[in-house]
Amino acid sequence: MTFTSRQAITLSAALSVSGLLLIPANFPGLGGDARITLVVFALATCAWIGTSLDDTLVALGAGLALTVTGVTSPDALFGTLGDATVWLLICAFVLAAAVAGSGLAGRAAAFLVGGARTVRQLIHLTTAALVVSAFAVPATSGRAALALPVFLALARALGGRKRLVVALALLFPTVILLSAVATLIGAAAHLITVSVLWEVTGERVGFHQWLLLGLPLAVVSSHLAAEVVLLVTTRREDRRGPVLITAEEIQRHSERPVTGRFAPEETRCLALLGTVVALWCSEPVHGVAPAVVALIGAVIVTAPALGTIRLKDALSTVPWSLLLFMATTMAMGMALTDSGAAGWLISGIPGGGAVPTWAFLAVVIAVSTAAHLVLQSRSARSSVLVPLVVAAAPAAGVDPVAAALASTAAAGFCHTLPASAKPVALFADVPGTPTYTPGDLLRLSAVLAPLTAVLVLVFALAVWPLFGVAP
């Protein structure tokens, strides 16, 4: 077996760190469980960074190692699969399968994008549609797959306006990734963050609270990103020409009608989705947990008389590998905290309470924004960063909830390389259609990364306190 330079460096680093940690004379203040946890985390992180091993396989191996060594109990490892957040995501994927098969996405695209008459209107209406899709389809990769036919229809309609097509190709994954923060089910990393906060601080961030904090940030960051995409990929003459996207253009890439009367199954699906989202948002009023609401919706949408999809078909769309990865990394994050490893790591950071709140959050956001260059999985980034951030926040006099949310929101930026995120990779290679190059991504990231980081910091310091989460 031959090793690349990156793999060799990663392996050397992992073995060096592990060797230092396993020698009892080193770091006398570090307990046995904490040592084992840090070794497992170092090996897992290096495997995620420097090898081609499946992320879920690495996470399962790490979780098993923590359990066999007694750092965590079997109940703690397997119990995460029964966590309410996991059930919420499973049921959300079932609902998303019904929405994807109903044709509602095509109708929404024809309704919104068909009203555009200028390039800027097209860009911002597309952005608005992609933000709304966060409520219907969980996980960014699922939304990217659902949006790809819409992009193809727009690309065909725009004909020879290559730079505008490239701008749209950049816009779709950019907005999909940035708008995920709008909802709790927007990314598995959000559920990991919520679970860590619950285990460590006892504070439960519900769907409605996440919505209040995340939706404004998603809307502002997405439309800001749309302007940045226009700026870095098009010229003034590209933006001057009129556009006209007809429903017929959208229809060519949709198997279901995008105009005309709604079919009965479309009406039922739309009503059910609207009801589920309304119940999620009004949890403080009725007190029904979001996972229970999602389960009710999933049962109804797959019921023989009322539903629009068979349960077997809907469950086949659930990314079970992602759920296993998420559950295992949740257990790893809890082990990092419970073993004292996170506290020990944070104790070595100078400053403590002398660090200003804004400076602490700025460092957290900067590290989280840049983390995608090392860890490509958003869930892996949250499983590593959030326990450390939550442990460090009290010492700096910062609310752990604000710090964890800021880290998770900033980690949603992953646009620098085609391999940085699945939506970016998907839209980077569209046969027969002009799309972006790695150079286009680098130019976009050079502008968008600092803007996104500053925006998250502004929200954490000035906007989220209005909703009860003060740093």
# chains A, B, ... in the order shown; residues from 1 in each chain; ligands from 1
>>> select_by_dssp(residues="range 307-444 of chain A", states="alpha helix (DSSP H)", output="count of residues only")
85
>>> residues_around(residues="Ala335 in chain A", least_positions_apart="4", cutoff="10 Å", atoms="only C-alpha atoms", output="mmCIF file with N, CA, C and O atoms, in the first residue's frame")
data_model
loop_
_atom_site.group_PDB
_atom_site.id
_atom_site.type_symbol
_atom_site.label_atom_id
_atom_site.label_comp_id
_atom_site.auth_asym_id
_atom_site.auth_seq_id
_atom_site.Cartn_x
_atom_site.Cartn_y
_atom_site.Cartn_z
ATOM 1 N N ASP A 33 -9.466 8.308 31.504
ATOM 2 C CA ASP A 33 -10.534 8.359 30.497
ATOM 3 C C ASP A 33 -10.326 9.509 29.522
ATOM 4 O O ASP A 33 -10.584 9.380 28.318
ATOM 5 N N ALA A 34 -9.850 10.624 30.062
ATOM 6 C CA ALA A 34 -9.609 11.777 29.194
ATOM 7 C C ALA A 34 -8.486 11.486 28.201
ATOM 8 O O ALA A 34 -8.555 11.889 27.034
ATOM 9 N N THR A 37 -9.878 9.262 25.485
ATOM 10 C CA THR A 37 -10.791 10.033 24.623
ATOM 11 C C THR A 37 -10.017 10.896 23.647
ATOM 12 O O THR A 37 -10.340 10.957 22.451
ATOM 13 N N LEU A 38 -8.973 11.559 24.136
ATOM 14 C CA LEU A 38 -8.192 12.422 23.254
ATOM 15 C C LEU A 38 -7.443 11.617 22.197
ATOM 16 O O LEU A 38 -7.317 12.056 21.047
ATOM 17 N N PHE A 41 -10.041 10.621 19.622
ATOM 18 C CA PHE A 41 -10.404 11.788 18.817
ATOM 19 C C PHE A 41 -9.291 12.161 17.845
ATOM 20 O O PHE A 41 -9.551 12.514 16.690
ATOM 21 N N GLY A 63 -16.392 5.330 18.144
ATOM 22 C CA GLY A 63 -17.390 5.083 19.179
ATOM 23 C C GLY A 63 -17.208 3.727 19.832
ATOM 24 O O GLY A 63 -17.353 3.583 21.058
ATOM 25 N N LEU A 66 -14.226 3.846 22.279
ATOM 26 C CA LEU A 66 -14.576 4.510 23.534
ATOM 27 C C LEU A 66 -15.421 3.608 24.422
ATOM 28 O O LEU A 66 -15.314 3.655 25.656
ATOM 29 N N THR A 67 -16.251 2.777 23.806
ATOM 30 C CA THR A 67 -17.104 1.881 24.582
ATOM 31 C C THR A 67 -16.325 0.698 25.136
ATOM 32 O O THR A 67 -16.455 0.335 26.314
ATOM 33 N N VAL A 71 -14.752 4.166 28.480
ATOM 34 C CA VAL A 71 -14.943 5.616 28.604
ATOM 35 C C VAL A 71 -16.431 5.959 28.550
ATOM 36 O O VAL A 71 -16.930 6.799 29.297
ATOM 37 N N THR A 72 -17.139 5.312 27.646
ATOM 38 C CA THR A 72 -18.588 5.467 27.573
ATOM 39 C C THR A 72 -19.240 4.095 27.723
ATOM 40 O O THR A 72 -18.610 3.065 27.460
ATOM 41 N N SER A 73 -20.483 4.069 28.130
ATOM 42 C CA SER A 73 -21.212 2.814 28.292
ATOM 43 C C SER A 73 -21.890 2.438 26.977
ATOM 44 O O SER A 73 -22.128 3.304 26.127
ATOM 45 N N ALA A 76 -24.862 4.549 26.365
ATOM 46 C CA ALA A 76 -24.591 5.897 25.859
ATOM 47 C C ALA A 76 -24.350 5.874 24.359
ATOM 48 O O ALA A 76 -24.766 6.788 23.630
ATOM 49 N N LEU A 77 -23.666 4.823 23.873
ATOM 50 C CA LEU A 77 -23.384 4.729 22.446
ATOM 51 C C LEU A 77 -24.646 4.435 21.651
ATOM 52 O O LEU A 77 -24.960 5.129 20.682
ATOM 53 N N THR A 329 -21.141 10.386 16.369
ATOM 54 C CA THR A 329 -20.394 11.602 16.712
ATOM 55 C C THR A 329 -21.035 12.344 17.877
ATOM 56 O O THR A 329 -20.342 13.032 18.628
ATOM 57 N N MET A 330 -22.346 12.210 18.044
ATOM 58 C CA MET A 330 -22.986 12.763 19.234
ATOM 59 C C MET A 330 -22.436 12.093 20.490
ATOM 60 O O MET A 330 -22.122 12.752 21.486
ATOM 61 N N ALA A 331 -22.301 10.759 20.439
ATOM 62 C CA ALA A 331 -21.737 10.026 21.576
ATOM 63 C C ALA A 331 -20.283 10.422 21.809
ATOM 64 O O ALA A 331 -19.834 10.557 22.960
ATOM 65 N N SER A 339 -15.629 12.956 29.975
ATOM 66 C CA SER A 339 -14.345 12.416 30.437
ATOM 67 C C SER A 339 -13.430 13.483 31.015
ATOM 68 O O SER A 339 -12.404 13.164 31.630
ATOM 69 N N GLY A 340 -13.770 14.738 30.831
ATOM 70 C CA GLY A 340 -12.922 15.828 31.274
ATOM 71 C C GLY A 340 -11.894 16.258 30.251
ATOM 72 O O GLY A 340 -11.120 17.184 30.504
ATOM 73 N N ALA A 341 -11.903 15.608 29.065
ATOM 74 C CA ALA A 341 -10.916 15.951 28.037
ATOM 75 C C ALA A 341 -11.119 17.367 27.515
ATOM 76 O O ALA A 341 -10.151 18.113 27.317
ATOM 77 N N ALA A 342 -12.370 17.745 27.294
ATOM 78 C CA ALA A 342 -12.642 19.094 26.782
ATOM 79 C C ALA A 342 -12.214 20.148 27.790
ATOM 80 O O ALA A 342 -11.592 21.154 27.435
ATOM 81 N N PRO A 387 -18.224 20.661 21.524
ATOM 82 C CA PRO A 387 -17.904 20.366 22.929
ATOM 83 C C PRO A 387 -16.806 21.262 23.489
ATOM 84 O O PRO A 387 -16.871 21.672 24.656
#
>>> residues_around(residues="range 173-178 of chain A", least_positions_apart="4", cutoff="8 Å", atoms="only C-alpha atoms", output="ChimeraX atom specification")
/A:127,130-131,134,140,143-144,169,218,221-222,225-226,412-415,423-424,427
>>> closest_residue(among="A:Leu417, A:Ile123, A:Ala128, A:Leu57", to="Gln376 in chain A", atoms="only C-alpha atoms")
A:Leu417
>>> closest_residue(among="A:Pro471, A:Gly70, A:Gly106, A:Gly333", to="Pro394 in chain A", atoms="only C-alpha atoms")
A:Pro471
